[in-house]
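A.B. asks: The structure's right below; bear with me while I get my questions together.
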Amino acid sequence: MITVIQRVSAASVTVGNREIGAIGGGIMALVAVEKDDTARAADRLLERILNYRIFPDENGRMNMSLRAINGGLLLIPQFTLAADTSTGNRPSFTGSASPEKGREWFAYLQTAAEKVYPGTQYGQFGADMQVTLTNAGPATFILRAPAA
């Protein structure tokens, strides 16, 4: 699995004209499922998102995790992150999970997040989402949890 996490002061996701998820300060994570992903990869990715130290401590250093600040978490399914962009002018999605597997593993990630970090908000898999965020910093990081 791969994610782009962004430290935000606010973020929300809308489908149609209805807001389906919103947070104040915390992390908005765009999440892609790769074709060989496993429960181990999903669990490891969630662990990294929750414990990655990207929030400032009392000295202004990035030393605090999402858990430490009790911030919001918004998970957005984003299959295009798994694209191979190494050649040509069009992305290849051969490394991406099938839509069925992507839906399955994103649902797994949602369930896992609900167990360990109540109040987590989500985008909708397969929907045309409008995502709005205010990136704090800006601070943006790419995290990967390999399947093996």
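Identifiers for the structure tokens are assigned positionally: chains receive A, B, ... in sequence, residues are indexed from 1 per chain, and ligands are indexed from 1 in the order shown.
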Taking 2 positions as the minimum chain separation for residues in the same chain, which residues sit within 8 Å of Lys35 in chain A when counting only C-alpha atoms? Answer as a list in words.

C.D. replies: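 What passes the distance filter is Val33, Asp37, Gly95, Ser96, Ala97, Ser98 and Lys101 of chain A.
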
A.B. asks: Counting only C-alpha atoms, what is within 9 Å of Ile20 in chain A, bar same-chain residues fewer than 2 positions away, as a list of chain:residue names?

C.D. replies: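 My reading of the contact set: A:Ser12, A:Val13, A:Thr14, A:Val15, A:Arg18, A:Ala22, A:Gln121, A:Tyr122, A:Gly123, A:Gln124.
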
A.B. asks: Report the residues of range 33-89 of chain A whose backbone DSSP state falls under helix (DSSP H, G or I), written as a ChimeraX atom specification.

C.D. replies: /A:39-51,66-69,79-82

A.B. asks: Find the residues around range 58-75 of chain A up to 7 Å (only C-alpha atoms counted), leave out those fewer than 2 positions away in its own chain, and share them as JSON, numbers by chain.

C.D. replies: {"A": [22, 23, 24, 25, 26, 27, 28, 29, 30, 31, 50, 51, 52, 53, 54, 55, 56, 77, 120, 121, 122, 123]}

A.B. asks: Could you jot down the CA of Phe125 in chain A to CA of Arg103 in chain A separation for me, Å, one decimal place?

C.D. replies: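 Straight-line distance from CA of Phe125 in chain A to CA of Arg103 in chain A works out to 6.3 Å.
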
A.B. asks: Check the smallest atom-to-atom distance from each of A:Ala113, A:Val8, A:Ala82, A:Ala41 to Ile142 in chain A using only C-alpha atoms, then report the winner.

C.D. replies: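 For Ile142 in chain A, the nearest of the candidates is A:Ala82.
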
A.B. asks: Given only C-alpha atoms as the basis, pick out the residue of A:Ile2, A:Ser9, A:Tyr108, A:Gly102 nearest to Pro138 in chain A.

C.D. replies: A:Ser9

A.B. asks: As an MDAnalysis selection string, please: every residue in chain A that DSSP puts in strand (DSSP E).

C.D. replies: chainID A and resid 2:15 18:23 26:32 55:56 62:64 72:77 121:122 129:144

A.B. asks: When distances are computed from only C-alpha atoms, which of A:Thr134, A:Asp43, A:Met129, A:Ala32 shows the smallest separation from Leu81 in chain A?

C.D. replies: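 Nearest candidate to Leu81 in chain A out of A:Thr134, A:Asp43, A:Met129, A:Ala32: A:Ala32.
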
A.B. asks: Select, from A:Pro99, A:Ala11, A:Ala112, A:Ala127, the residue with the minimum atom-to-atom distance to Ala39 in chain A, counting only C-alpha atoms.

C.D. replies: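 Looking at the shortest contact to Ala39 in chain A, the residue is A:Ala112.
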
A.B. asks: Counting only C-alpha atoms, which of A:Thr87, A:Ile76, A:Ile49, A:Phe93 gets nearest to Thr132 in chain A?

C.D. replies: A:Ile76

A.B. asks: Just checking: using only C-alpha atoms, which residue out of A:Gln130, A:Thr94, A:Thr3, A:Asn135 ends up closest to Arg44 in chain A?

C.D. replies: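 Checking each of A:Gln130, A:Thr94, A:Thr3, A:Asn135 against Arg44 in chain A, counting only C-alpha atoms, the winner is A:Thr3.
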
A.B. asks: Give me, please, the distance in Å between CA of Glu34 in chain A and CA of Thr111 in chain A, quoted to one decimal.

C.D. replies: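 We find that CA of Glu34 in chain A and CA of Thr111 in chain A lie 18.5 Å from each other.
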